[in-house]
$ cat query.csv   # CSV, C-alpha atoms
chain,number,residue,atom,x,y,z
A,1,ASP,CA,82.3,92.5,102.3
A,2,VAL,CA,83.8,90.9,105.4
A,3,LYS,CA,81.4,88.8,107.3
A,4,VAL,CA,81.8,87.8,110.9
A,5,THR,CA,79.0,85.5,112.0
A,6,GLN,CA,78.0,84.7,115.5
A,7,SER,CA,75.9,81.6,115.4
A,8,SER,CA,73.6,82.5,118.4
A,9,ARG,CA,72.1,85.9,118.9
A,10,TYR,CA,70.2,85.1,122.1
A,11,LEU,CA,70.9,82.4,124.7
A,12,VAL,CA,69.5,81.6,128.1
A,13,LYS,CA,71.5,79.2,130.1
A,14,ARG,CA,71.4,77.9,133.7
A,15,THR,CA,74.1,78.4,136.3
A,16,GLY,CA,76.7,75.7,136.0
A,17,GLU,CA,76.0,74.8,132.4
A,18,LYS,CA,78.8,74.7,129.8
A,19,VAL,CA,78.2,77.3,127.1
A,20,PHE,CA,79.8,77.5,123.7
A,21,LEU,CA,79.7,80.7,121.6
A,22,GLU,CA,80.7,80.2,118.0
A,23,CYS,CA,82.2,82.7,115.6
A,24,VAL,CA,83.1,82.3,112.0
A,25,GLN,CA,84.7,84.8,109.6
A,26,ASP,CA,84.9,84.4,105.8
A,27,MET,CA,87.9,86.5,104.9
A,28,ASP,CA,90.9,84.4,105.9
A,29,HIS,CA,91.7,86.7,108.7
A,30,GLU,CA,94.6,85.8,111.0
A,31,ASN,CA,93.4,87.6,114.1
A,32,MET,CA,90.2,86.8,116.0
A,33,PHE,CA,88.9,88.3,119.2
A,34,TRP,CA,86.3,87.8,121.9
A,35,TYR,CA,85.0,90.8,123.8
A,36,ARG,CA,82.2,91.3,126.3
A,37,GLN,CA,80.2,94.6,126.5
A,38,ASP,CA,78.5,95.7,129.7
A,39,PRO,CA,76.8,99.0,130.6
A,40,GLY,CA,79.2,101.3,132.4
A,41,LEU,CA,82.2,99.0,131.7
A,42,GLY,CA,82.4,99.3,128.0
A,43,LEU,CA,84.1,96.6,125.8
A,44,ARG,CA,86.6,94.4,127.5
A,45,LEU,CA,88.9,91.9,125.7
A,46,ILE,CA,88.5,88.3,126.9
A,47,TYR,CA,90.8,86.4,124.6
A,48,PHE,CA,92.4,86.8,121.2
A,49,SER,CA,94.0,84.5,118.7
A,50,TYR,CA,96.6,85.4,116.0
A,51,ASP,CA,96.8,82.0,114.4
A,52,VAL,CA,95.3,78.5,114.4
A,53,LYS,CA,95.7,76.9,117.8
A,54,MET,CA,97.3,80.1,119.2
A,55,LYS,CA,95.7,82.2,121.9
A,56,GLU,CA,96.4,84.9,124.3
A,57,LYS,CA,94.6,86.1,127.4
A,58,GLY,CA,93.0,89.5,127.3
A,59,ASP,CA,92.0,91.7,130.2
A,60,ILE,CA,89.3,89.4,131.7
A,61,PRO,CA,90.0,85.7,130.8
A,62,GLU,CA,88.9,84.3,134.2
A,63,GLY,CA,86.0,81.8,133.7
A,64,TYR,CA,86.5,81.6,130.0
A,65,SER,CA,88.5,79.5,127.5
A,66,VAL,CA,88.8,79.5,123.8
A,67,SER,CA,89.4,77.2,120.9
A,68,ARG,CA,90.7,77.8,117.4
A,69,GLU,CA,91.1,74.6,115.5
A,70,LYS,CA,90.5,76.1,112.1
A,71,LYS,CA,91.5,79.6,110.9
A,72,GLU,CA,87.9,80.7,110.2
A,73,ARG,CA,86.4,79.6,113.5
A,74,PHE,CA,87.0,81.0,117.0
A,75,SER,CA,84.9,79.5,119.9
A,76,LEU,CA,84.4,81.0,123.3
A,77,ILE,CA,83.7,78.5,126.1
A,78,LEU,CA,82.2,79.1,129.5
A,79,GLU,CA,83.1,76.0,131.4
A,80,SER,CA,80.6,76.6,134.2
A,81,ALA,CA,78.3,79.6,133.5
A,82,SER,CA,77.7,82.0,136.3
A,83,THR,CA,75.2,84.9,136.6
A,84,ASN,CA,78.0,87.5,136.4
A,85,GLN,CA,78.7,86.2,132.9
A,86,THR,CA,75.4,87.6,131.7
A,87,SER,CA,76.4,90.0,129.0
A,88,MET,CA,76.7,90.8,125.3
A,89,TYR,CA,79.5,88.9,123.7
A,90,LEU,CA,81.2,90.3,120.6
A,91,CYS,CA,83.4,88.4,118.2
A,92,ALA,CA,85.8,90.3,115.9
A,93,SER,CA,88.5,89.6,113.3
A,94,SER,CA,91.2,91.4,111.4
A,95,PHE,CA,93.5,90.4,108.5
A,96,ARG,CA,96.7,91.2,110.4
A,97,SER,CA,97.7,93.5,113.2
A,98,GLY,CA,97.2,97.1,112.3
A,99,ASN,CA,94.3,96.4,109.9
A,100,THR,CA,90.6,97.3,110.3
A,101,ILE,CA,88.8,95.1,112.8
A,102,TYR,CA,85.4,93.7,111.9
A,103,PHE,CA,82.8,92.8,114.4
A,104,GLY,CA,79.9,90.3,114.5
A,105,GLU,CA,76.4,91.2,115.5
A,106,GLY,CA,76.8,90.0,119.1
A,107,SER,CA,75.5,87.3,121.2
A,108,TRP,CA,73.2,88.1,124.2
A,109,LEU,CA,73.8,85.6,126.9
A,110,THR,CA,71.6,85.4,130.0
A,111,VAL,CA,72.6,83.1,132.8
A,112,VAL,CA,69.8,82.3,135.3
B,1,LYS,CA,98.0,101.1,131.1
B,2,GLN,CA,96.3,102.7,128.1
B,3,GLU,CA,93.1,104.6,128.9
B,4,VAL,CA,90.7,106.1,126.4
B,5,THR,CA,88.3,108.9,127.2
B,6,GLN,CA,85.5,110.2,125.0
B,7,ILE,CA,83.8,113.5,125.4
B,8,PRO,CA,80.9,114.3,125.4
B,9,ALA,CA,79.2,111.2,126.8
B,10,ALA,CA,76.0,112.2,125.0
B,11,LEU,CA,75.1,114.8,122.3
B,12,SER,CA,71.8,115.9,120.9
B,13,VAL,CA,71.8,118.1,117.8
B,14,PRO,CA,69.3,119.2,115.1
B,15,GLU,CA,69.5,117.7,111.7
B,16,GLY,CA,71.9,119.4,109.4
B,17,GLU,CA,74.4,120.5,112.0
B,18,ASN,CA,78.1,119.8,111.8
B,19,LEU,CA,79.5,118.2,114.9
B,20,VAL,CA,82.7,117.0,116.5
B,21,LEU,CA,83.3,114.0,118.8
B,22,ASN,CA,86.4,113.9,120.8
B,23,CYS,CA,88.7,111.0,121.9
B,24,SER,CA,91.8,111.2,124.0
B,25,PHE,CA,94.3,108.5,125.0
B,26,THR,CA,97.0,108.4,127.7
B,27,ASP,CA,99.8,106.4,125.9
B,28,SER,CA,100.9,107.8,122.6
B,29,ALA,CA,102.7,104.5,121.6
B,30,ILE,CA,99.8,103.3,119.4
B,31,TYR,CA,99.7,101.5,116.1
B,32,ASN,CA,96.4,103.0,115.0
B,33,LEU,CA,93.1,104.4,116.1
B,34,GLN,CA,89.7,103.3,114.9
B,35,TRP,CA,86.3,104.9,115.0
B,36,PHE,CA,83.3,102.6,115.2
B,37,ARG,CA,79.5,103.1,115.2
B,38,GLN,CA,77.2,100.9,117.2
B,39,ASP,CA,73.4,100.8,116.8
B,40,PRO,CA,71.3,99.7,119.8
B,41,GLY,CA,71.6,95.9,120.4
B,42,LYS,CA,74.0,95.4,117.4
B,43,GLY,CA,77.7,94.9,116.8
B,44,LEU,CA,80.2,97.5,115.9
B,45,THR,CA,80.7,98.9,112.4
B,46,SER,CA,84.1,100.2,111.6
B,47,LEU,CA,84.0,103.8,110.2
B,48,LEU,CA,87.6,104.9,109.8
B,49,LEU,CA,91.0,103.6,110.6
B,50,ILE,CA,93.9,106.0,111.1
B,51,GLN,CA,97.4,104.6,111.2
B,52,SER,CA,99.8,106.1,113.7
B,53,SER,CA,101.8,107.8,110.8
B,54,GLN,CA,98.7,109.4,109.4
B,55,ARG,CA,97.0,112.7,110.4
B,56,GLU,CA,93.5,112.2,109.1
B,57,GLN,CA,91.2,109.9,107.1
B,58,THR,CA,88.0,110.8,105.3
B,59,SER,CA,84.9,108.8,104.3
B,60,GLY,CA,82.0,110.6,102.8
B,61,ARG,CA,80.6,113.0,105.5
B,62,LEU,CA,83.1,111.7,108.1
B,63,ASN,CA,86.5,113.0,108.8
B,64,ALA,CA,88.8,111.7,111.5
B,65,SER,CA,92.0,113.4,112.7
B,66,LEU,CA,94.8,112.1,114.8
B,67,ASP,CA,97.4,114.0,116.9
B,68,LYS,CA,99.4,111.2,118.4
B,69,SER,CA,101.8,113.4,120.3
B,70,SER,CA,99.0,115.0,122.2
B,71,GLY,CA,97.0,111.8,122.5
B,72,ARG,CA,93.9,113.1,120.7
B,73,SER,CA,91.5,112.3,117.9
B,74,THR,CA,88.4,113.9,116.6
B,75,LEU,CA,85.6,112.6,114.5
B,76,TYR,CA,83.9,115.3,112.4
B,77,ILE,CA,80.4,114.6,111.0
B,78,ALA,CA,79.2,117.0,108.4
B,79,ALA,CA,75.5,117.8,107.8
B,80,SER,CA,74.2,115.4,110.3
B,81,GLN,CA,71.2,113.2,109.6
B,82,PRO,CA,68.7,111.3,111.8
B,83,GLY,CA,70.3,108.1,110.5
B,84,ASP,CA,73.6,109.1,112.1
B,85,SER,CA,72.0,108.6,115.5
B,86,ALA,CA,74.0,105.8,117.3
B,87,THR,CA,76.8,105.4,119.7
B,88,TYR,CA,80.3,106.3,118.4
B,89,LEU,CA,83.3,104.5,119.9
B,90,CYS,CA,86.9,105.2,119.4
B,91,ALA,CA,89.6,102.5,120.1
B,92,VAL,CA,93.4,102.6,120.0
B,93,SER,CA,95.5,99.6,119.1
B,94,SER,CA,98.8,98.8,120.7
B,95,TYR,CA,100.6,95.5,120.9
B,96,GLY,CA,99.1,92.6,119.0
B,97,ASN,CA,96.2,94.5,117.5
B,98,LYS,CA,94.5,94.6,120.9
B,99,LEU,CA,92.0,97.4,121.1
B,100,VAL,CA,91.3,99.6,124.1
B,101,PHE,CA,87.9,101.2,123.8
B,102,GLY,CA,86.5,104.5,125.1
B,103,ALA,CA,83.1,104.5,126.7
B,104,GLY,CA,81.5,106.0,123.6
B,105,THR,CA,79.5,109.1,122.7
B,106,ILE,CA,75.7,108.6,122.3
B,107,LEU,CA,74.6,110.8,119.4
B,108,ARG,CA,71.0,111.8,118.7
B,109,VAL,CA,70.2,113.8,115.6
B,110,LYS,CA,66.7,115.3,115.7
B,111,SER,CA,64.7,115.8,112.6

$ encode --input "query.csv" --output "structure tokens"
Amino acid sequence: DVKVTQSSRYLVKRTGEKVFLECVQDMDHENMFWYRQDPGLGLRLIYFSYDVKMKEKGDIPEGYSVSREKKERFSLILESASTNQTSMYLCASSFRSGNTIYFGEGSWLTVV
Amino acid sequence: KQEVTQIPAALSVPEGENLVLNCSFTDSAIYNLQWFRQDPGKGLTSLLLIQSSQREQTSGRLNASLDKSSGRSTLYIAASQPGDSATYLCAVSSYGNKLVFGAGTILRVKS
């Protein structure tokens, strides 16, 4: 079975802190994604990566950056956390475009 | 810009009933459509993937159909069980495997 692991399930951070959300997949997938999910707004794509060191902006990249130094790991970085970034963050991966997408369990981030 | 709509927003049915969830999308230029299930506070679990060239896919009690030209998909759940209670999301994939999600249908199956 494909496993997408998000290292932190629940985090509480202060405004202005730098936050790292880590995601690892174990199936040699090319594509990796970061989404956030908010009530009433659904899932929105922040960034995606189709290869090591490659990234593309999604629909809401402002305030976020990403890093993919190794194929299995995709990190989401909040350079200076703000309260409007309180949300559930979901990492996902797929082997190639057009294949099934697998999600991690999600990371609940609260910024106070 | 692709938009995905799911109807109904919520559904409550007695155990054993067959049910249909609907998904519509505005741009028919899609690569595929996926149906997901999400339990409260959890990530998404992929249920079925239908490529744009396919008409339907089946997995156990689930059957998903796709009519690309009319921009519609349905998820049919046979003989529903309380364990099927969850939020069901459909998502369409266009360029670069980027998914656009619907808002979901919250399903409750009463025992």

$ residues_around --input "query.csv" --residues "segment 57-65 of chain B" --least-positions-apart "4" --cutoff "6 Å" --atoms "only C-alpha atoms" --output "list of chain:residue names"
B:Ser73, B:Thr74, B:Leu75, B:Tyr76, B:Ile77, B:Ala78

$ write_last_selection --input "query.csv" --atoms "C-alpha atoms" --output "short mmCIF file (atom, residue, chain, number, x, y, z; two decimals), keeping the file's coordinate frame"
data_model
loop_
_atom_site.label_atom_id
_atom_site.label_comp_id
_atom_site.auth_asym_id
_atom_site.auth_seq_id
_atom_site.Cartn_x
_atom_site.Cartn_y
_atom_site.Cartn_z
CA SER B 73 91.50 112.30 117.90
CA THR B 74 88.40 113.90 116.60
CA LEU B 75 85.60 112.60 114.50
CA TYR B 76 83.90 115.30 112.40
CA ILE B 77 80.40 114.60 111.00
CA ALA B 78 79.20 117.00 108.40
#

$ closest_residue --input "query.csv" --among "A:Ser75, A:Thr15, A:Ser65, A:Gln6" --to "Phe103 of chain A" --atoms "only C-alpha atoms"
A:Gln6

$ interface_residues --input "query.csv" --of "chain A" --to "chain B" --cutoff "12 Å" --atoms "all atoms listed in the file" --output "ChimeraX atom specification"
/A:2-6,9-10,30-51,55-59,87-108

$ atom_distance --input "query.csv" --atom1 "atom CA of Lys53 of chain A" --atom2 "atom CA of Glu79 of chain A"
18.6 Å

$ atom_distance --input "query.csv" --atom1 "atom CA of Ser24 of chain B" --atom2 "atom CA of Gly71 of chain B"
5.4 Å

$ atom_distance --input "query.csv" --atom1 "atom CA of Thr83 of chain A" --atom2 "atom CA of Gly63 of chain A"
11.6 Å

$ residues_near_point --input "query.csv" --point "(94.3, 107.5, 126.9)" --cutoff "7 Å" --atoms "only C-alpha atoms" --output "VMD selection string"
chain B and resid 2 to 5 24 to 27 71

$ closest_residue --input "query.csv" --among "A:Glu69, A:Val112, A:Phe74, A:Glu62" --to "Gly16 of chain A" --atoms "all atoms listed in the file"
A:Val112

$ build_atoms --input "query.csv" --residues "segment 2-13 of chain B" --atoms "all heavy atoms" --output "CSV table (one decimal), keeping the file's coordinate frame"
chain,number,residue,atom,x,y,z
B,2,GLN,N,97.0,101.8,129.0
B,2,GLN,CA,96.3,102.7,128.1
B,2,GLN,C,94.9,103.0,128.6
B,2,GLN,O,94.1,102.1,129.0
B,2,GLN,CB,96.2,102.1,126.7
B,2,GLN,CG,95.6,102.9,125.6
B,2,GLN,CD,96.4,104.1,125.2
B,2,GLN,OE1,96.2,105.2,125.8
B,2,GLN,NE2,97.2,103.9,124.2
B,3,GLU,N,94.5,104.2,128.6
B,3,GLU,CA,93.1,104.6,128.9
B,3,GLU,C,92.6,105.5,127.8
B,3,GLU,O,93.3,106.4,127.3
B,3,GLU,CB,93.0,105.3,130.3
B,3,GLU,CG,93.3,104.4,131.4
B,3,GLU,CD,93.2,105.1,132.8
B,3,GLU,OE1,92.8,106.3,132.8
B,3,GLU,OE2,93.5,104.4,133.8
B,4,VAL,N,91.3,105.3,127.4
B,4,VAL,CA,90.7,106.1,126.4
B,4,VAL,C,89.5,106.8,126.9
B,4,VAL,O,88.6,106.1,127.5
B,4,VAL,CB,90.4,105.2,125.2
B,4,VAL,CG1,89.7,106.0,124.1
B,4,VAL,CG2,91.6,104.5,124.6
B,5,THR,N,89.4,108.1,126.7
B,5,THR,CA,88.3,108.9,127.2
B,5,THR,C,87.6,109.5,126.0
B,5,THR,O,88.2,110.1,125.1
B,5,THR,CB,88.8,110.0,128.1
B,5,THR,OG1,89.5,109.3,129.2
B,5,THR,CG2,87.6,110.7,128.7
B,6,GLN,N,86.3,109.5,126.0
B,6,GLN,CA,85.5,110.2,125.0
B,6,GLN,C,84.6,111.3,125.6
B,6,GLN,O,83.9,111.0,126.6
B,6,GLN,CB,84.6,109.2,124.2
B,6,GLN,CG,85.5,108.2,123.4
B,6,GLN,CD,84.6,107.3,122.5
B,6,GLN,OE1,84.6,106.1,122.6
B,6,GLN,NE2,83.9,108.0,121.5
B,7,ILE,N,84.6,112.4,124.9
B,7,ILE,CA,83.8,113.5,125.4
B,7,ILE,C,83.1,114.1,124.1
B,7,ILE,O,83.7,114.3,123.1
B,7,ILE,CB,84.7,114.6,126.0
B,7,ILE,CG1,85.3,114.1,127.3
B,7,ILE,CG2,83.9,115.9,126.3
B,7,ILE,CD1,86.3,115.0,127.9
B,8,PRO,N,81.8,114.5,124.2
B,8,PRO,CA,80.9,114.3,125.4
B,8,PRO,C,80.4,112.9,125.5
B,8,PRO,O,80.5,112.1,124.6
B,8,PRO,CB,79.8,115.3,125.1
B,8,PRO,CG,79.7,115.3,123.6
B,8,PRO,CD,81.1,115.1,123.1
B,9,ALA,N,79.8,112.5,126.6
B,9,ALA,CA,79.2,111.2,126.8
B,9,ALA,C,77.9,111.1,125.9
B,9,ALA,O,77.6,110.0,125.5
B,9,ALA,CB,78.9,110.9,128.2
B,10,ALA,N,77.2,112.2,125.8
B,10,ALA,CA,76.0,112.2,125.0
B,10,ALA,C,75.9,113.6,124.3
B,10,ALA,O,76.3,114.6,124.8
B,10,ALA,CB,74.8,111.9,125.8
B,11,LEU,N,75.2,113.5,123.1
B,11,LEU,CA,75.1,114.8,122.3
B,11,LEU,C,73.8,114.7,121.6
B,11,LEU,O,73.5,113.7,120.9
B,11,LEU,CB,76.3,114.9,121.4
B,11,LEU,CG,76.4,116.1,120.5
B,11,LEU,CD1,76.6,117.3,121.3
B,11,LEU,CD2,77.6,115.9,119.5
B,12,SER,N,73.1,115.8,121.6
B,12,SER,CA,71.8,115.9,120.9
B,12,SER,C,71.8,117.1,120.0
B,12,SER,O,72.1,118.2,120.5
B,12,SER,CB,70.6,115.9,121.8
B,12,SER,OG,69.4,116.0,121.1
B,13,VAL,N,71.7,117.0,118.7
B,13,VAL,CA,71.8,118.1,117.8
B,13,VAL,C,70.6,118.1,116.8
B,13,VAL,O,70.1,117.0,116.5
B,13,VAL,CB,73.2,118.0,117.0
B,13,VAL,CG1,74.3,118.1,117.9
B,13,VAL,CG2,73.2,116.8,116.1
